[in-house]
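Enquirer: Sharing entry22.cif (mmCIF, C-alpha atoms and all ligand atoms) below.
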data_input
loop_
_atom_site.label_atom_id
_atom_site.label_comp_id
_atom_site.auth_asym_id
_atom_site.auth_seq_id
_atom_site.Cartn_x
_atom_site.Cartn_y
_atom_site.Cartn_z
CA MET A 1 20.22 23.94 -31.31
CA ARG A 2 17.98 23.28 -28.32
CA VAL A 3 16.73 25.71 -25.70
CA PRO A 4 19.06 25.25 -22.71
CA ILE A 5 17.47 23.77 -19.61
CA ARG A 6 18.43 24.46 -15.99
CA PRO A 7 21.71 22.62 -15.31
CA ALA A 8 20.28 21.19 -12.08
CA LEU A 9 17.84 19.09 -14.14
CA LYS A 10 20.42 17.35 -16.31
CA GLU A 11 21.11 14.35 -14.09
CA LEU A 12 17.55 13.85 -12.87
CA LYS A 13 16.15 10.33 -12.88
CA GLU A 14 12.51 9.63 -13.62
CA TYR A 15 10.46 8.36 -10.65
CA LYS A 16 9.90 4.63 -11.18
CA PRO A 17 6.67 3.46 -9.56
CA GLY A 18 6.07 -0.14 -8.49
CA LYS A 19 5.37 -2.19 -11.63
CA PHE A 20 1.93 -3.30 -12.76
CA VAL A 21 1.90 -6.52 -14.77
CA LYS A 22 -1.45 -7.64 -16.15
CA GLY A 23 -2.64 -10.87 -14.55
CA ALA A 24 0.01 -10.85 -11.81
CA ILE A 25 -0.47 -10.11 -8.10
CA LYS A 26 0.69 -6.53 -7.56
CA LEU A 27 2.59 -6.25 -4.30
CA SER A 28 4.92 -3.52 -5.47
CA SER A 29 3.33 -0.23 -4.37
CA ASN A 30 1.99 -0.78 -0.83
CA GLU A 31 -1.66 -0.26 -1.75
CA ASN A 32 -4.70 -1.48 0.18
CA PRO A 33 -5.59 -5.00 -1.05
CA LEU A 34 -9.20 -4.48 0.09
CA GLY A 35 -9.57 -1.33 -1.99
CA PRO A 36 -11.46 1.67 -0.66
CA SER A 37 -14.54 1.51 1.53
CA PRO A 38 -17.63 0.56 -0.53
CA LYS A 39 -19.23 3.64 1.04
CA VAL A 40 -16.71 5.79 -0.82
CA LEU A 41 -17.91 4.43 -4.16
CA THR A 42 -21.56 4.96 -3.26
CA GLU A 43 -20.85 8.49 -2.09
CA ILE A 44 -18.96 9.38 -5.29
CA LEU A 45 -21.65 8.00 -7.58
CA GLU A 46 -24.52 9.59 -5.67
CA SER A 47 -22.83 12.96 -5.40
CA ILE A 48 -22.28 13.06 -9.13
CA LYS A 49 -25.78 11.82 -9.95
CA ASP A 50 -27.47 14.28 -7.61
CA GLY A 51 -25.43 17.15 -9.00
CA GLU A 52 -23.92 17.70 -5.56
CA ILE A 53 -20.52 17.80 -7.24
CA PRO A 54 -21.03 19.57 -10.54
CA LEU A 55 -18.08 18.43 -12.64
CA SER A 56 -18.12 21.58 -14.75
CA VAL A 57 -17.38 23.73 -11.71
CA TYR A 58 -14.01 24.17 -9.96
CA PRO A 59 -13.75 22.44 -6.58
CA TRP A 60 -15.52 24.51 -3.94
CA GLU A 61 -13.58 26.06 -1.14
CA ARG A 62 -16.37 25.01 1.20
CA ASN A 63 -15.78 21.32 0.35
CA GLU A 64 -12.05 21.71 0.89
CA GLU A 65 -12.79 23.30 4.28
CA GLU A 66 -15.06 20.38 5.15
CA LEU A 67 -12.32 17.91 4.30
CA ARG A 68 -9.82 19.81 6.42
CA GLU A 69 -12.35 19.81 9.26
CA GLU A 70 -12.86 16.07 8.91
CA ILE A 71 -9.09 15.50 8.92
CA ALA A 72 -8.79 17.72 11.99
CA GLY A 73 -11.29 15.46 13.76
CA TYR A 74 -9.40 12.34 12.67
CA THR A 75 -6.00 13.63 13.77
CA GLY A 76 -7.14 15.49 16.86
CA MET A 77 -5.53 18.68 15.55
CA GLU A 78 -7.14 21.97 14.54
CA LYS A 79 -8.39 22.74 11.04
CA ASP A 80 -5.90 25.60 10.80
CA ASN A 81 -3.07 23.09 11.17
CA ILE A 82 -4.20 21.09 8.14
CA VAL A 83 -3.19 21.64 4.52
CA ILE A 84 -4.11 19.35 1.63
CA GLY A 85 -2.60 18.36 -1.69
CA ALA A 86 -2.58 15.79 -4.48
CA GLY A 87 -1.16 12.99 -2.37
CA VAL A 88 1.87 13.33 -0.13
CA ASP A 89 3.72 13.84 -3.41
CA GLY A 90 1.71 16.97 -4.14
CA VAL A 91 2.08 18.30 -0.60
CA LEU A 92 5.85 17.73 -0.76
CA ASP A 93 6.06 19.54 -4.06
CA THR A 94 4.62 22.67 -2.43
CA LEU A 95 6.73 22.33 0.72
CA VAL A 96 9.98 22.01 -1.20
CA LYS A 97 9.09 25.17 -3.14
CA ILE A 98 8.73 26.95 0.20
CA PHE A 99 12.05 25.91 1.71
CA ILE A 100 14.47 25.03 -1.05
CA ALA A 101 16.08 27.50 -3.42
CA ASP A 102 19.52 27.52 -5.02
CA SER A 103 22.19 26.11 -2.74
CA ALA A 104 19.83 25.25 0.13
CA GLU A 105 20.49 21.78 1.51
CA ALA A 106 18.24 18.92 2.58
CA ILE A 107 19.28 15.95 4.69
CA ILE A 108 18.00 12.59 3.48
CA PRO A 109 18.79 9.44 5.49
CA VAL A 110 18.94 6.60 2.95
CA PRO A 111 17.53 4.26 1.87
CA THR A 112 14.20 6.07 1.77
CA PHE A 113 11.40 7.28 -0.51
CA SER A 114 13.16 8.55 -3.64
CA LEU A 115 10.89 11.50 -4.35
CA TYR A 116 12.53 13.61 -1.61
CA GLU A 117 15.79 13.61 -3.51
CA SER A 118 14.18 14.40 -6.87
CA LEU A 119 12.14 17.31 -5.56
CA VAL A 120 15.12 18.88 -3.83
CA LYS A 121 17.18 18.59 -7.01
CA ILE A 122 14.36 20.02 -9.16
CA ALA A 123 14.15 23.03 -6.85
CA GLY A 124 17.88 23.58 -7.32
CA GLY A 125 18.82 22.47 -3.81
CA LYS A 126 21.47 20.01 -2.72
CA PRO A 127 20.49 16.70 -1.13
CA ARG A 128 22.93 15.42 1.49
CA TYR A 129 22.61 11.71 2.09
CA LEU A 130 23.15 10.07 5.42
CA THR A 131 23.58 6.31 5.56
CA ARG A 132 21.31 4.61 8.08
CA LYS A 133 22.73 2.11 10.58
CA SER A 134 22.58 -1.63 9.82
CA ASP A 135 19.12 -1.87 11.45
CA PHE A 136 18.13 1.21 9.37
CA SER A 137 17.78 3.46 12.41
CA ILE A 138 19.28 6.95 12.25
CA SER A 139 22.17 8.25 14.32
CA VAL A 140 20.92 11.55 15.72
CA ALA A 141 24.51 12.67 16.29
CA ASP A 142 25.43 11.98 12.64
CA LEU A 143 22.30 13.71 11.47
CA SER A 144 23.01 16.82 13.51
CA SER A 145 26.58 16.99 12.33
CA ALA A 146 25.46 16.62 8.69
CA CYS A 147 23.42 19.81 9.06
CA THR A 148 25.01 23.10 8.00
CA GLU A 149 23.76 26.69 8.06
CA LYS A 150 22.32 25.98 4.61
CA THR A 151 20.16 23.04 5.75
CA ARG A 152 16.47 23.85 5.34
CA MET A 153 14.77 20.44 5.30
CA LEU A 154 15.26 17.01 6.88
CA PHE A 155 13.25 14.09 5.53
CA LEU A 156 12.31 11.44 8.05
CA ALA A 157 9.77 8.89 6.91
CA SER A 158 8.27 7.03 9.86
CA PRO A 159 7.55 4.20 9.16
CA ASN A 160 10.26 4.50 6.54
CA ASN A 161 9.92 3.17 3.00
CA PRO A 162 11.41 0.64 2.15
CA THR A 163 12.75 -0.33 5.59
CA GLY A 164 9.54 -0.29 7.66
CA ASN A 165 11.09 1.10 10.87
CA CYS A 166 10.06 4.20 12.83
CA ILE A 167 11.89 7.03 14.52
CA SER A 168 11.15 7.76 18.19
CA GLU A 169 9.50 10.83 19.66
CA ASP A 170 12.63 11.64 21.70
CA GLU A 171 14.81 11.46 18.60
CA VAL A 172 12.52 13.80 16.66
CA ARG A 173 12.45 16.27 19.55
CA GLU A 174 16.24 16.23 19.79
CA ILE A 175 16.67 16.68 16.04
CA ALA A 176 14.09 19.48 15.81
CA GLN A 177 15.70 21.40 18.65
CA SER A 178 19.19 21.02 17.23
CA VAL A 179 18.22 22.52 13.83
CA PRO A 180 15.82 25.43 14.47
CA GLU A 181 16.44 26.80 10.97
CA ALA A 182 15.46 23.60 9.19
CA MET A 183 12.04 22.05 8.74
CA VAL A 184 11.78 18.48 10.00
CA ILE A 185 9.47 16.59 7.65
CA ILE A 186 7.97 13.49 9.23
CA ASP A 187 6.37 11.40 6.50
CA GLU A 188 3.68 9.24 8.11
CA ALA A 189 2.24 7.78 4.90
CA TYR A 190 2.10 4.37 6.66
CA VAL A 191 1.22 5.51 10.18
CA GLU A 192 -2.14 3.70 10.37
CA PHE A 193 -0.21 0.41 10.44
CA ALA A 194 2.25 1.57 13.11
CA ASP A 195 2.10 1.51 16.90
CA SER A 196 2.19 5.27 17.33
CA SER A 197 2.34 8.66 15.60
CA LEU A 198 4.64 11.64 15.99
CA LEU A 199 1.86 14.22 15.55
CA LYS A 200 2.44 15.68 19.00
CA GLN A 201 5.82 16.92 17.81
CA VAL A 202 4.02 19.45 15.58
CA GLU A 203 2.49 21.02 18.69
CA GLU A 204 5.81 20.97 20.50
CA ASN A 205 8.03 22.40 17.75
CA GLU A 206 7.57 25.21 15.25
CA ASN A 207 9.83 23.39 12.77
CA VAL A 208 8.14 19.99 12.61
CA LEU A 209 5.37 18.91 10.25
CA VAL A 210 3.74 15.54 9.58
CA LEU A 211 2.66 14.23 6.17
CA ARG A 212 -0.23 11.80 5.75
CA THR A 213 -2.00 10.16 2.83
CA PHE A 214 -5.24 8.55 1.68
CA SER A 215 -3.26 6.27 -0.65
CA LYS A 216 -2.38 3.51 1.81
CA ALA A 217 -4.78 2.58 4.66
CA PHE A 218 -7.71 4.33 2.96
CA GLY A 219 -7.20 2.61 -0.40
CA LEU A 220 -7.47 5.78 -2.50
CA ALA A 221 -4.07 5.89 -4.22
CA GLY A 222 -5.75 6.44 -7.60
CA LEU A 223 -7.48 9.63 -6.47
CA ARG A 224 -4.35 11.39 -5.16
CA VAL A 225 -5.24 12.95 -1.82
CA GLY A 226 -2.80 13.72 0.96
CA TYR A 227 -2.40 16.24 3.73
CA ALA A 228 0.06 17.68 6.15
CA VAL A 229 -0.34 18.69 9.77
CA VAL A 230 1.77 21.83 9.99
CA PRO A 231 2.43 24.61 12.48
CA LYS A 232 -0.09 27.41 11.91
CA TRP A 233 2.54 29.89 10.68
CA LEU A 234 3.20 27.58 7.74
CA ALA A 235 -0.43 26.87 6.78
CA SER A 236 -1.17 30.31 5.31
CA LEU A 237 2.11 30.36 3.41
CA TYR A 238 1.39 26.88 2.05
CA LYS A 239 -1.88 28.12 0.55
CA LYS A 240 -0.11 30.96 -1.23
CA VAL A 241 2.49 28.65 -2.79
CA SER A 242 0.27 25.66 -3.61
CA MET A 243 -1.45 25.45 -6.99
CA PRO A 244 -5.14 26.24 -6.68
CA PHE A 245 -7.52 23.25 -6.79
CA THR A 246 -4.85 20.57 -6.38
CA VAL A 247 -7.36 18.15 -4.91
CA ASN A 248 -10.27 17.53 -7.27
CA SER A 249 -13.93 17.49 -6.24
CA ILE A 250 -14.33 13.71 -6.46
CA ALA A 251 -11.21 13.12 -4.38
CA ILE A 252 -12.48 15.50 -1.70
CA ILE A 253 -15.84 13.68 -1.43
CA ALA A 254 -14.06 10.30 -1.43
CA ALA A 255 -11.58 11.24 1.28
CA MET A 256 -14.37 12.49 3.54
CA ALA A 257 -16.39 9.31 3.07
CA ALA A 258 -13.25 7.21 3.70
CA LEU A 259 -12.56 8.96 7.00
CA LYS A 260 -16.11 8.28 8.16
CA ASP A 261 -15.98 4.52 7.53
CA LYS A 262 -14.08 3.57 10.68
CA GLU A 263 -14.94 -0.10 10.26
CA HIS A 264 -13.24 -0.28 6.86
CA ILE A 265 -10.12 1.40 8.25
CA ARG A 266 -10.08 -1.09 11.13
CA LYS A 267 -10.48 -4.05 8.75
CA SER A 268 -7.73 -2.79 6.44
CA VAL A 269 -5.28 -2.26 9.28
CA GLU A 270 -6.06 -5.62 10.86
CA LEU A 271 -5.56 -7.42 7.57
CA VAL A 272 -2.14 -5.80 7.22
CA LYS A 273 -1.06 -6.56 10.78
CA HIS A 274 -2.04 -10.23 10.45
CA GLY A 275 -0.45 -10.54 7.03
CA ARG A 276 2.73 -8.79 8.12
CA LYS A 277 3.13 -11.22 11.01
CA PHE A 278 2.41 -14.16 8.73
CA LEU A 279 4.99 -13.08 6.16
CA THR A 280 7.59 -12.26 8.82
CA GLU A 281 7.18 -15.67 10.42
CA ASN A 282 6.92 -17.74 7.27
CA LEU A 283 9.45 -16.28 4.84
CA GLN A 284 12.56 -18.28 5.59
CA LEU A 285 14.91 -15.33 5.06
CA LYS A 286 15.99 -12.27 7.01
CA VAL A 287 12.84 -10.14 7.34
CA TYR A 288 13.26 -6.72 8.94
CA PRO A 289 10.72 -5.74 11.62
CA SER A 290 8.07 -3.58 9.93
CA GLN A 291 5.53 -1.06 11.21
CA ALA A 292 4.17 -0.51 7.69
CA ASN A 293 2.02 -2.42 5.18
CA PHE A 294 5.05 -4.11 3.63
CA VAL A 295 7.99 -6.22 4.68
CA LEU A 296 11.59 -5.86 3.61
CA LEU A 297 13.70 -8.94 3.19
CA ASP A 298 17.31 -9.65 2.46
CA VAL A 299 17.78 -12.36 -0.13
CA ALA A 300 21.63 -12.36 0.01
CA PRO A 301 23.69 -14.04 -1.31
CA ALA A 302 21.07 -14.02 -4.09
CA LYS A 303 20.54 -10.80 -6.04
CA SER A 304 17.26 -8.92 -5.65
CA SER A 305 16.97 -8.55 -9.44
CA ASP A 306 17.11 -12.35 -9.91
CA VAL A 307 14.56 -12.94 -7.16
CA TYR A 308 12.34 -10.23 -8.64
CA ASP A 309 12.44 -11.99 -12.04
CA ALA A 310 11.80 -15.41 -10.51
CA LEU A 311 8.77 -14.11 -8.59
CA LEU A 312 7.43 -12.40 -11.69
CA LYS A 313 7.57 -15.74 -13.53
CA ARG A 314 5.37 -17.07 -10.71
CA GLY A 315 2.88 -14.22 -11.21
CA ILE A 316 3.94 -11.98 -8.30
CA VAL A 317 5.24 -8.43 -8.68
CA VAL A 318 7.29 -7.12 -5.77
CA ARG A 319 9.73 -4.24 -5.44
CA ASN A 320 13.38 -4.77 -6.24
CA CYS A 321 14.97 -2.22 -3.89
CA SER A 322 18.21 -1.85 -5.81
CA SER A 323 16.70 1.34 -7.28
CA PHE A 324 16.66 2.91 -3.78
CA ARG A 325 19.82 4.90 -3.10
CA GLY A 326 21.92 3.12 -0.48
CA ALA A 327 19.86 -0.09 -0.46
CA GLY A 328 22.41 -2.43 -2.07
CA ASP A 329 21.38 -5.24 -4.39
CA SER A 330 19.83 -7.90 -2.17
CA LEU A 331 16.72 -6.23 -0.71
CA ILE A 332 13.17 -7.02 -1.77
CA ARG A 333 10.10 -5.15 -0.52
CA ILE A 334 6.76 -6.96 -0.53
CA SER A 335 3.45 -5.25 0.18
CA VAL A 336 1.21 -7.21 2.51
CA GLY A 337 -1.67 -8.60 0.46
CA THR A 338 -4.80 -10.62 1.12
CA ARG A 339 -4.44 -13.97 2.89
CA GLU A 340 -4.45 -15.79 -0.45
CA GLN A 341 -1.83 -13.45 -1.91
CA ASN A 342 0.41 -13.82 1.15
CA ASP A 343 0.11 -17.62 0.88
CA ARG A 344 1.18 -17.37 -2.77
CA VAL A 345 4.21 -15.30 -1.75
CA VAL A 346 5.32 -17.81 0.89
CA GLU A 347 4.82 -20.74 -1.53
CA ALA A 348 6.87 -18.94 -4.17
CA PHE A 349 9.73 -18.25 -1.75
CA ASP A 350 9.64 -21.85 -0.48
CA SER A 351 10.10 -23.06 -4.03
CA LEU A 352 12.91 -20.57 -4.69
CA PHE A 353 15.06 -20.94 -1.59
C1 LIG A 401 7.10 7.25 2.48
C2 LIG A 401 6.14 7.59 1.39
N1 LIG A 401 5.63 8.82 1.33
C3 LIG A 401 4.76 9.15 0.37
C4 LIG A 401 4.35 8.27 -0.59
C5 LIG A 401 3.42 8.72 -1.66
O1 LIG A 401 2.19 9.01 -1.11
P1 LIG A 401 1.03 9.61 -1.99
O2 LIG A 401 0.39 8.51 -2.73
O3 LIG A 401 0.11 10.22 -0.98
O4 LIG A 401 1.62 10.64 -2.89
C6 LIG A 401 4.85 6.98 -0.58
C7 LIG A 401 4.42 6.03 -1.62
O5 LIG A 401 4.80 4.94 -1.75
C8 LIG A 401 5.77 6.63 0.44
O6 LIG A 401 6.30 5.42 0.48
#
Would you write out, as structure tokens, the structure that this file holds?
Ligand SMILES: Cc1ncc(COP(=O)(O)O)c(C=O)c1O

Expert:
Amino acid sequence: MRVPIRPALKELKEYKPGKFVKGAIKLSSNENPLGPSPKVLTEILESIKDGEIPLSVYPWERNEEELREEIAGYTGMEKDNIVIGAGVDGVLDTLVKIFIADSAEAIIPVPTFSLYESLVKIAGGKPRYLTRKSDFSISVADLSSACTEKTRMLFLASPNNPTGNCISEDEVREIAQSVPEAMVIIDEAYVEFADSSLLKQVEENENVLVLRTFSKAFGLAGLRVGYAVVPKWLASLYKKVSMPFTVNSIAIIAAMAALKDKEHIRKSVELVKHGRKFLTENLQLKVYPSQANFVLLDVAPAKSSDVYDALLKRGIVVRNCSSFRGAGDSLIRISVGTREQNDRVVEAFDSLF
């Protein structure tokens, strides 16, 4: 006889990250192929050596404040609009706790980042899925009519994972105004690679917030730092609900150093933009326009699982998107790599198709 668990957890699926295969090129998790700024590494090592971050002591509030101040400078928002967490994942975990309880609903246009669905289910809420159009854009009319009086969150990744497209400022404004009792979550994990940001919508609407991360453009996925730009009324509540010390001392120091190295950010973004163009132009298949650090391609009539296996045999790990709800079985997502890695990808596809 086992202790009964909450019924809502029975059909949960484990989050499956992009695969890591020793010796193969990893283009499955949209990381920065340049790694973090070398200044980040120096800063971490020196801070530990000098005792500036004593590892036996809990992270200092002062350091957290400094990071929020640095992020405020980077985003052009105020420190009181910034909250931090262990990656966007960690920030989302806290946000879902704030808005979702039994029977609350969340709208999720699919395909998209699968964690939204899991977190809503874990909290006991009900995800309502909305199928994107064939170009993966969202019908604002469909979205509004999917909302009910129980809707508390809408998840809009922009650029979206795995499709790479963005939502427009006008669309966000229209959505936010049509659902004043739901929080519109704009996930800008990939915004550094995009043409524009939707941050201004946080100033315009009390029910819009923007998520950001240090995992992509800043190359710090292993340290788990993310933040959200939220309306001020939400910031104090967030702190009450969030676990204390979610961002560790080393991650705080690293994120601050990463924000200061503007040249490394510029180099990382430029590499992605060049590589994205190269892959889009040279993969002889349907490649969807992307504003992120990956491209999505349709390998139909082949199956994405077969193409995934064939690429793996050639030493390249990509993302088979059939695990994304609503993505079908012919989409492959490839993170933009270094020039050499992108060349390897194109060569592999040339030999396959
Ligand atoms: C849209 C989106 N949001 C968030 C994340 C996770 O970000 P973090 O590493 O900050 O938790 C990912 C990771 O792939 C993503 O694709």

Enquirer: Could you list, as an MDAnalysis selection string, all the residues within 7 Å of ligand LIG 401 (chain A), counting all atoms listed in the file?

Expert: chainID A and resid 29:30 86:90 113 157 160:161 187:189 212:215 221 224:226

Enquirer: So, with only C-alpha atoms as the atoms that count, which of A:Lys313, A:Lys216, A:Lys267, A:Lys26 lies closest to A:Ile334?

Expert: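 Once distances to A:Ile334 are computed over only C-alpha atoms, the minimum belongs to A:Lys26.
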
Enquirer: Show me a table, sorted first by chain and then by increasing residue number, of the residues of stretch 133-249 of chain A having an atom at most 9 Å from stretch 254-259 of chain A, each with its shortest atom pair and the distance in Å to one decimal, counting all atoms listed in the file and written as a Markdown table.

Expert:
| residue | atom | partner | partner_atom | distance |
| --- | --- | --- | --- | --- |
| A:Phe214 | CA | A:Ala255 | CA | 6.9 |
| A:Phe218 | CA | A:Ala258 | CA | 6.3 |
| A:Gly219 | CA | A:Ala258 | CA | 8.6 |
| A:Leu220 | CA | A:Ala255 | CA | 7.8 |
| A:Leu223 | CA | A:Ala254 | CA | 8.3 |
| A:Val225 | CA | A:Ala255 | CA | 7.3 |
| A:Ser249 | CA | A:Ala254 | CA | 8.7 |

Enquirer: Using all atoms listed in the file, can you tell me which of A:Ser28, A:Ser114, A:Asn81, A:Gln341 comes closest to A:Glu69?

Expert: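 Among the listed residues, A:Asn81 lies closest to A:Glu69.
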
Enquirer: Taking all atoms listed in the file into account, which of A:Gly222, A:Gly315, A:Gly85, A:Pro127 comes nearest A:Leu27?

Expert: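 Checking each of A:Gly222, A:Gly315, A:Gly85, A:Pro127 against A:Leu27, counting all atoms listed in the file, the winner is A:Gly315.
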
Enquirer: Which residues are close to stretch 8-20 of chain A, i.e. within 12 Å by only C-alpha atoms, leaving aside same-chain residues fewer than 5 positions away? Reply as JSON, numbers by chain.

Expert: {"A": [25, 26, 27, 28, 29, 30, 31, 89, 101, 102, 103, 113, 114, 115, 116, 117, 118, 119, 120, 121, 122, 123, 124, 125, 126, 127, 162, 308, 312, 315, 316, 317, 318, 319, 320, 321, 322, 323, 324, 325, 332, 333, 334, 335]}

Enquirer: Skip A:Gln291 itself and residues of its chain fewer than 4 positions away, then list as an MDAnalysis selection string all residues within 10 Å of it, counting all atoms listed in the file.

Expert: chainID A and resid 158:160 163:166 190:196 272:273 276 295

Enquirer: Using only C-alpha atoms, list the residues that have an atom at most 12 Å from (-12.9, 21.3, 8.3), coordinates as in the file, as a ChimeraX atom specification.

Expert: /A:61-84,252,256
